[in-house]
>>> print(open('model06.txt').read())   # compact mmCIF, C-alpha atoms
# COMPACT_ATOMS: atom_id res chain seq x y z
CA MET K 1 -67.48 -2.53 -154.45
CA SER K 2 -68.98 -4.20 -151.50
CA ASN K 3 -68.09 -7.49 -149.87
CA GLU K 4 -71.67 -8.64 -149.91
CA GLU K 5 -72.67 -11.20 -152.49
CA THR K 6 -75.62 -10.49 -154.67
CA PRO K 7 -78.05 -13.09 -155.97
CA GLN K 8 -76.54 -12.54 -159.39
CA ASP K 9 -73.10 -13.53 -158.11
CA ASN K 10 -74.54 -16.77 -156.73
CA LEU K 11 -76.12 -17.54 -160.07
CA LEU K 12 -72.84 -16.87 -161.83
CA ASP K 13 -71.00 -19.28 -159.51
CA ALA K 14 -73.63 -21.97 -160.07
CA ALA K 15 -73.45 -21.55 -163.82
CA GLN K 16 -69.66 -21.86 -163.78
CA ALA K 17 -69.89 -25.03 -161.68
CA GLU K 18 -72.28 -26.62 -164.19
CA THR K 19 -70.21 -25.82 -167.23
CA PRO K 20 -68.06 -28.65 -168.51
CA ALA K 21 -64.40 -28.75 -167.48
CA SER K 22 -61.92 -27.18 -169.80
CA GLU K 23 -60.03 -29.37 -172.28
CA PRO K 24 -56.73 -29.57 -170.34
CA GLU K 25 -58.58 -30.91 -167.27
CA LYS K 26 -60.23 -33.63 -169.37
CA GLU K 27 -56.87 -34.73 -170.77
CA ARG K 28 -55.44 -34.86 -167.27
CA HIS K 29 -58.17 -37.25 -166.18
CA ILE K 30 -57.61 -39.44 -169.21
CA ASP K 31 -53.85 -39.45 -168.69
CA VAL K 32 -54.31 -40.58 -165.07
CA LEU K 33 -55.87 -43.90 -166.18
CA PRO K 34 -53.24 -46.41 -167.34
CA SER K 35 -53.36 -47.47 -170.93
CA LEU K 36 -54.58 -50.93 -171.86
CA GLU K 37 -51.01 -52.04 -172.62
CA GLU K 38 -49.81 -50.83 -169.22
CA GLN K 39 -52.67 -52.70 -167.52
CA ILE K 40 -51.77 -55.88 -169.43
CA LYS K 41 -48.09 -55.53 -168.46
CA ALA K 42 -49.05 -54.98 -164.81
CA LEU K 43 -51.29 -58.04 -164.87
CA GLU K 44 -48.59 -60.14 -166.55
CA LEU K 45 -46.13 -59.10 -163.82
CA LYS K 46 -48.66 -60.03 -161.15
CA VAL K 47 -49.30 -63.40 -162.85
CA ALA K 48 -45.55 -64.05 -163.05
CA GLU K 49 -45.13 -63.20 -159.33
CA THR K 50 -48.04 -65.45 -158.39
CA HIS K 51 -46.68 -68.27 -160.55
CA ASP K 52 -43.24 -67.89 -158.95
CA ALA K 53 -44.77 -67.95 -155.46
CA TRP K 54 -46.77 -71.06 -156.40
CA LEU K 55 -43.65 -72.81 -157.72
CA ARG K 56 -41.76 -71.97 -154.51
CA ALA K 57 -44.63 -73.26 -152.36
CA LYS K 58 -44.80 -76.44 -154.43
CA ALA K 59 -41.04 -76.99 -154.09
CA GLU K 60 -41.25 -76.38 -150.34
CA GLY K 61 -44.08 -78.93 -150.07
CA GLU K 62 -42.01 -81.48 -151.99
CA ASN K 63 -39.03 -80.83 -149.69
CA ILE K 64 -41.19 -81.31 -146.60
CA ARG K 65 -42.60 -84.57 -148.02
CA ARG K 66 -39.11 -85.84 -148.89
CA ARG K 67 -37.74 -84.96 -145.44
CA ALA K 68 -40.69 -86.69 -143.77
CA GLN K 69 -40.07 -89.85 -145.82
CA GLU K 70 -36.39 -89.77 -144.84
CA ASP K 71 -37.35 -89.37 -141.17
CA ILE K 72 -39.73 -92.32 -141.40
CA SER K 73 -37.06 -94.40 -143.11
CA LYS K 74 -34.54 -93.55 -140.39
CA ALA K 75 -37.11 -94.33 -137.68
CA HIS K 76 -37.70 -97.77 -139.20
CA LYS K 77 -34.00 -98.41 -139.63
CA PHE K 78 -32.99 -97.34 -136.11
CA ALA K 79 -36.15 -98.21 -134.17
CA VAL K 80 -34.39 -100.94 -132.18
CA GLU K 81 -31.37 -98.79 -131.33
CA LYS K 82 -32.39 -98.19 -127.69
CA PHE K 83 -33.31 -101.84 -127.17
CA ALA K 84 -30.11 -103.02 -128.85
CA GLY K 85 -28.11 -100.79 -126.53
CA GLU K 86 -29.78 -102.44 -123.53
CA LEU K 87 -29.00 -105.91 -124.91
CA LEU K 88 -25.30 -105.12 -125.26
CA ALA K 89 -24.94 -105.28 -121.46
CA VAL K 90 -26.57 -108.72 -121.48
CA LYS K 91 -24.19 -109.94 -124.18
CA ASP K 92 -21.19 -108.54 -122.27
CA SER K 93 -22.29 -110.42 -119.14
CA LEU K 94 -22.65 -113.69 -121.04
CA GLU K 95 -19.21 -113.29 -122.61
CA ALA K 96 -17.66 -112.49 -119.22
CA ALA K 97 -19.26 -115.62 -117.74
CA LEU K 98 -17.82 -117.77 -120.50
CA ALA K 99 -14.37 -116.18 -120.11
CA VAL K 100 -13.97 -117.38 -116.49
CA PRO K 101 -11.56 -120.36 -116.65
CA GLU K 102 -12.73 -122.26 -113.60
CA GLN K 103 -16.42 -122.08 -112.89
CA THR K 104 -18.41 -123.72 -110.21
CA VAL K 105 -22.06 -124.56 -110.61
CA ASP K 106 -22.96 -121.94 -108.01
CA SER K 107 -20.94 -119.15 -109.64
CA PHE K 108 -22.31 -120.08 -113.06
CA GLN K 109 -25.88 -120.07 -111.73
CA SER K 110 -25.49 -116.70 -109.98
CA GLY K 111 -23.98 -115.24 -113.18
CA VAL K 112 -26.89 -116.52 -115.26
CA GLU K 113 -29.38 -115.11 -112.73
CA LEU K 114 -27.72 -111.68 -112.88
CA THR K 115 -27.72 -111.81 -116.67
CA LEU K 116 -31.43 -112.75 -116.66
CA LYS K 117 -32.13 -109.74 -114.39
CA GLN K 118 -30.34 -107.50 -116.92
CA LEU K 119 -32.42 -108.97 -119.72
CA VAL K 120 -35.71 -108.52 -117.82
CA SER K 121 -34.70 -104.93 -117.05
CA ALA K 122 -34.02 -104.29 -120.74
CA PHE K 123 -37.44 -105.74 -121.58
CA GLU K 124 -39.17 -103.54 -118.99
CA LYS K 125 -37.41 -100.37 -120.17
CA ASN K 126 -38.59 -101.03 -123.71
CA ALA K 127 -42.22 -101.97 -122.89
CA LEU K 128 -41.70 -105.65 -123.72
CA ASN K 129 -44.04 -107.37 -121.26
CA GLU K 130 -44.37 -111.03 -120.42
CA VAL K 131 -47.75 -112.82 -120.72
CA ASN K 132 -48.12 -115.66 -118.20
CA PRO K 133 -51.89 -116.29 -118.10
CA VAL K 134 -52.23 -119.24 -115.69
CA GLY K 135 -55.71 -119.16 -114.18
CA GLU K 136 -57.00 -116.48 -116.59
CA LYS K 137 -59.81 -116.87 -119.11
CA PHE K 138 -58.54 -117.95 -122.53
CA ASP K 139 -58.10 -114.92 -124.82
CA PRO K 140 -57.49 -115.88 -128.47
CA HIS K 141 -55.92 -112.46 -129.04
CA LYS K 142 -53.14 -113.12 -126.50
CA HIS K 143 -53.06 -116.91 -126.19
CA GLN K 144 -52.68 -119.86 -128.52
CA ALA K 145 -54.38 -123.02 -127.25
CA ILE K 146 -52.42 -126.19 -127.94
CA GLY K 147 -54.97 -128.51 -126.39
CA MET K 148 -57.66 -129.04 -123.79
CA VAL K 149 -57.29 -130.96 -120.53
CA ASP K 150 -59.65 -132.18 -117.84
CA SER K 151 -59.50 -129.81 -114.89
CA GLU K 152 -61.42 -128.68 -111.85
CA GLN K 153 -61.20 -125.12 -113.17
CA GLU K 154 -63.95 -123.41 -115.15
CA ALA K 155 -64.15 -124.20 -118.87
CA ASN K 156 -61.88 -122.14 -121.17
CA THR K 157 -59.53 -121.24 -118.35
CA VAL K 158 -55.78 -121.45 -118.92
CA VAL K 159 -54.48 -124.41 -116.92
CA THR K 160 -50.86 -124.66 -118.09
CA VAL K 161 -48.52 -122.28 -119.93
CA LEU K 162 -46.13 -124.17 -122.20
CA GLN K 163 -44.41 -121.04 -123.50
CA LYS K 164 -44.84 -117.51 -122.19
CA GLY K 165 -46.14 -114.87 -124.55
CA TYR K 166 -44.89 -111.31 -124.96
CA LEU K 167 -46.47 -107.94 -125.66
CA ILE K 168 -44.80 -104.80 -126.97
CA ALA K 169 -46.81 -102.11 -125.26
CA ASP K 170 -50.32 -103.53 -125.90
CA ARG K 171 -49.52 -105.36 -129.14
CA VAL K 172 -48.92 -109.13 -129.15
CA LEU K 173 -45.37 -110.00 -130.16
CA ARG K 174 -45.80 -113.70 -129.44
CA PRO K 175 -48.93 -115.36 -128.05
CA ALA K 176 -48.60 -117.59 -125.00
CA LEU K 177 -48.85 -121.33 -125.82
CA VAL K 178 -51.37 -122.72 -123.35
CA MET K 179 -53.45 -125.72 -122.34
CA VAL K 180 -57.10 -124.89 -121.63
CA ALA K 181 -59.57 -126.54 -119.24
CA LYS K 182 -62.40 -128.58 -120.75
CA GLY K 183 -65.93 -128.00 -119.58
CA LYS K 184 -67.08 -130.14 -116.62
>>> encode(input="model06.txt", output="structure tokens")
Amino acid sequence: MSNEETPQDNLLDAAQAETPASEPEKERHIDVLPSLEEQIKALELKVAETHDAWLRAKAEGENIRRRAQEDISKAHKFAVEKFAGELLAVKDSLEAALAVPEQTVDSFQSGVELTLKQLVSAFEKNALNEVNPVGEKFDPHKHQAIGMVDSEQEANTVVTVLQKGYLIADRVLRPALVMVAKGK
């Protein structure tokens, strides 16, 4: 026998390739595919896993929302904590001034001035700013006009401040009570 292939051998190989697979091979291919019941069980497991993951994510979202509400509540409750701490020094100074048995007018005045400086410092540290608008144009957002007076100043200019106003940052805490110039 020779090692050379004849055209007949090639035809034989082609015919064998075209013939259907034997029965055991067909069964092997069918056995490889999962049965319908196995597919349903696999899908049910996947649905259960997805549902569990969804429930966990939902619970985590609820926990985050609850913690955020607690943080907001605490922020509202303790928002003045820093400012209150600053005011304690002012209160201590006032109590110390009242505890002195023999006070002179000068010592009392110097004590009040020092206490006022502490209070102003506490205001500045907490962005509580004074509004003293003498000579400024009347601003209804920051000022409350009590009346109008004759003046040499331009109309709607603040002539007198009866009570200073205050801002927290840029928000009006209390408007300044003012007298405004009438038009000439």
>>> residues_near_point(input="model06.txt", point="(-65.4, -125.2, -125.3)", cutoff="7 Å", atoms="all atoms listed in the file", output="list in words")
Ala155, Asn156, Lys182 and Gly183 of chain K
>>> closest_residue(input="model06.txt", among="K:Pro175, K:Ala68, K:Thr115, K:Val120", to="His143 (chain K)", atoms="all atoms listed in the file")
K:Pro175
>>> residues_near_point(input="model06.txt", point="(-60.0, -136.6, -116.7)", cutoff="10 Å", atoms="all atoms listed in the file", output="list in words")
Val149, Asp150, Ser151, Glu152, Lys182 and Lys184 of chain K
>>> atom_distance(input="model06.txt", atom1="CA of Val80 (chain K)", atom2="CA of Leu94 (chain K)")
20.6 Å
>>> closest_residue(input="model06.txt", among="K:Leu114, K:Leu45, K:Ala127, K:Met148", to="Arg171 (chain K)", atoms="only C-alpha atoms")
K:Ala127
>>> residues_around(input="model06.txt", residues="Lys82 (chain K)", least_positions_apart="3", cutoff="10 Å", atoms="all atoms listed in the file", output="PyMOL selection string")
chain K and resi 78-79+85-87+122+125-126
>>> closest_residue(input="model06.txt", among="K:Trp54, K:Phe123, K:Phe83, K:Tyr166", to="His141 (chain K)", atoms="only C-alpha atoms")
K:Tyr166
>>> residues_around(input="model06.txt", residues="Gly165 (chain K)", least_positions_apart="3", cutoff="8 Å", atoms="all atoms listed in the file", output="number ranges by chain")
K: 130-132, 142-143, 172-177
>>> atom_distance(input="model06.txt", atom1="CA of Glu154 (chain K)", atom2="CA of Pro140 (chain K)")
16.6 Å
>>> atom_distance(input="model06.txt", atom1="CA of Val159 (chain K)", atom2="CA of Asp139 (chain K)")
12.9 Å
>>> build_atoms(input="model06.txt", residues="region 61-79 of chain K", atoms="N, CA, C and O atoms", output="PDB file, in the coordinates of the input")
ATOM      1  N   GLY K  61     -43.259 -77.764-150.427  1.00  0.00           N
ATOM      2  CA  GLY K  61     -44.080 -78.930-150.070  1.00  0.00           C
ATOM      3  C   GLY K  61     -43.384 -80.233-150.423  1.00  0.00           C
ATOM      4  O   GLY K  61     -43.423 -81.191-149.655  1.00  0.00           O
ATOM      5  N   GLU K  62     -42.756 -80.281-151.589  1.00  0.00           N
ATOM      6  CA  GLU K  62     -42.010 -81.480-151.990  1.00  0.00           C
ATOM      7  C   GLU K  62     -40.838 -81.739-151.042  1.00  0.00           C
ATOM      8  O   GLU K  62     -40.564 -82.882-150.684  1.00  0.00           O
ATOM      9  N   ASN K  63     -40.151 -80.681-150.634  1.00  0.00           N
ATOM     10  CA  ASN K  63     -39.030 -80.830-149.690  1.00  0.00           C
ATOM     11  C   ASN K  63     -39.519 -81.368-148.349  1.00  0.00           C
ATOM     12  O   ASN K  63     -38.873 -82.232-147.744  1.00  0.00           O
ATOM     13  N   ILE K  64     -40.641 -80.844-147.878  1.00  0.00           N
ATOM     14  CA  ILE K  64     -41.190 -81.310-146.600  1.00  0.00           C
ATOM     15  C   ILE K  64     -41.564 -82.791-146.709  1.00  0.00           C
ATOM     16  O   ILE K  64     -41.278 -83.584-145.814  1.00  0.00           O
ATOM     17  N   ARG K  65     -42.215 -83.177-147.810  1.00  0.00           N
ATOM     18  CA  ARG K  65     -42.600 -84.570-148.020  1.00  0.00           C
ATOM     19  C   ARG K  65     -41.376 -85.479-148.068  1.00  0.00           C
ATOM     20  O   ARG K  65     -41.338 -86.535-147.430  1.00  0.00           O
ATOM     21  N   ARG K  66     -40.337 -85.041-148.766  1.00  0.00           N
ATOM     22  CA  ARG K  66     -39.110 -85.840-148.890  1.00  0.00           C
ATOM     23  C   ARG K  66     -38.437 -86.000-147.529  1.00  0.00           C
ATOM     24  O   ARG K  66     -38.017 -87.097-147.149  1.00  0.00           O
ATOM     25  N   ARG K  67     -38.357 -84.880-146.770  1.00  0.00           N
ATOM     26  CA  ARG K  67     -37.740 -84.960-145.440  1.00  0.00           C
ATOM     27  C   ARG K  67     -38.532 -85.876-144.510  1.00  0.00           C
ATOM     28  O   ARG K  67     -37.955 -86.631-143.721  1.00  0.00           O
ATOM     29  N   ALA K  68     -39.852 -85.823-144.602  1.00  0.00           N
ATOM     30  CA  ALA K  68     -40.690 -86.690-143.770  1.00  0.00           C
ATOM     31  C   ALA K  68     -40.459 -88.158-144.125  1.00  0.00           C
ATOM     32  O   ALA K  68     -40.377 -89.009-143.234  1.00  0.00           O
ATOM     33  N   GLN K  69     -40.340 -88.466-145.413  1.00  0.00           N
ATOM     34  CA  GLN K  69     -40.070 -89.850-145.820  1.00  0.00           C
ATOM     35  C   GLN K  69     -38.703 -90.301-145.315  1.00  0.00           C
ATOM     36  O   GLN K  69     -38.544 -91.444-144.881  1.00  0.00           O
ATOM     37  N   GLU K  70     -37.713 -89.416-145.363  1.00  0.00           N
ATOM     38  CA  GLU K  70     -36.390 -89.770-144.840  1.00  0.00           C
ATOM     39  C   GLU K  70     -36.445 -90.015-143.341  1.00  0.00           C
ATOM     40  O   GLU K  70     -35.826 -90.965-142.840  1.00  0.00           O
ATOM     41  N   ASP K  71     -37.209 -89.183-142.611  1.00  0.00           N
ATOM     42  CA  ASP K  71     -37.350 -89.370-141.170  1.00  0.00           C
ATOM     43  C   ASP K  71     -38.027 -90.697-140.853  1.00  0.00           C
ATOM     44  O   ASP K  71     -37.616 -91.409-139.930  1.00  0.00           O
ATOM     45  N   ILE K  72     -39.041 -91.045-141.613  1.00  0.00           N
ATOM     46  CA  ILE K  72     -39.730 -92.320-141.400  1.00  0.00           C
ATOM     47  C   ILE K  72     -38.788 -93.480-141.687  1.00  0.00           C
ATOM     48  O   ILE K  72     -38.737 -94.456-140.936  1.00  0.00           O
ATOM     49  N   SER K  73     -38.021 -93.354-142.752  1.00  0.00           N
ATOM     50  CA  SER K  73     -37.060 -94.400-143.110  1.00  0.00           C
ATOM     51  C   SER K  73     -36.026 -94.584-141.998  1.00  0.00           C
ATOM     52  O   SER K  73     -35.708 -95.712-141.617  1.00  0.00           O
ATOM     53  N   LYS K  74     -35.515 -93.471-141.480  1.00  0.00           N
ATOM     54  CA  LYS K  74     -34.540 -93.550-140.390  1.00  0.00           C
ATOM     55  C   LYS K  74     -35.173 -94.145-139.137  1.00  0.00           C
ATOM     56  O   LYS K  74     -34.535 -94.918-138.416  1.00  0.00           O
ATOM     57  N   ALA K  75     -36.426 -93.788-138.857  1.00  0.00           N
ATOM     58  CA  ALA K  75     -37.110 -94.330-137.680  1.00  0.00           C
ATOM     59  C   ALA K  75     -37.256 -95.839-137.799  1.00  0.00           C
ATOM     60  O   ALA K  75     -37.052 -96.564-136.822  1.00  0.00           O
ATOM     61  N   HIS K  76     -37.603 -96.323-138.999  1.00  0.00           N
ATOM     62  CA  HIS K  76     -37.700 -97.770-139.200  1.00  0.00           C
ATOM     63  C   HIS K  76     -36.337 -98.440-139.043  1.00  0.00           C
ATOM     64  O   HIS K  76     -36.208 -99.488-138.418  1.00  0.00           O
ATOM     65  N   LYS K  77     -35.334 -97.822-139.620  1.00  0.00           N
ATOM     66  CA  LYS K  77     -34.000 -98.410-139.630  1.00  0.00           C
ATOM     67  C   LYS K  77     -33.404 -98.473-138.221  1.00  0.00           C
ATOM     68  O   LYS K  77     -32.770 -99.459-137.851  1.00  0.00           O
ATOM     69  N   PHE K  78     -33.631 -97.423-137.421  1.00  0.00           N
ATOM     70  CA  PHE K  78     -32.990 -97.340-136.110  1.00  0.00           C
ATOM     71  C   PHE K  78     -33.970 -97.500-134.953  1.00  0.00           C
ATOM     72  O   PHE K  78     -33.669 -97.107-133.833  1.00  0.00           O
ATOM     73  N   ALA K  79     -35.131 -98.075-135.206  1.00  0.00           N
ATOM     74  CA  ALA K  79     -36.150 -98.210-134.170  1.00  0.00           C
ATOM     75  C   ALA K  79     -35.671 -99.065-132.994  1.00  0.00           C
ATOM     76  O   ALA K  79     -36.063 -98.832-131.857  1.00  0.00           O
TER      77      ALA K  79
END
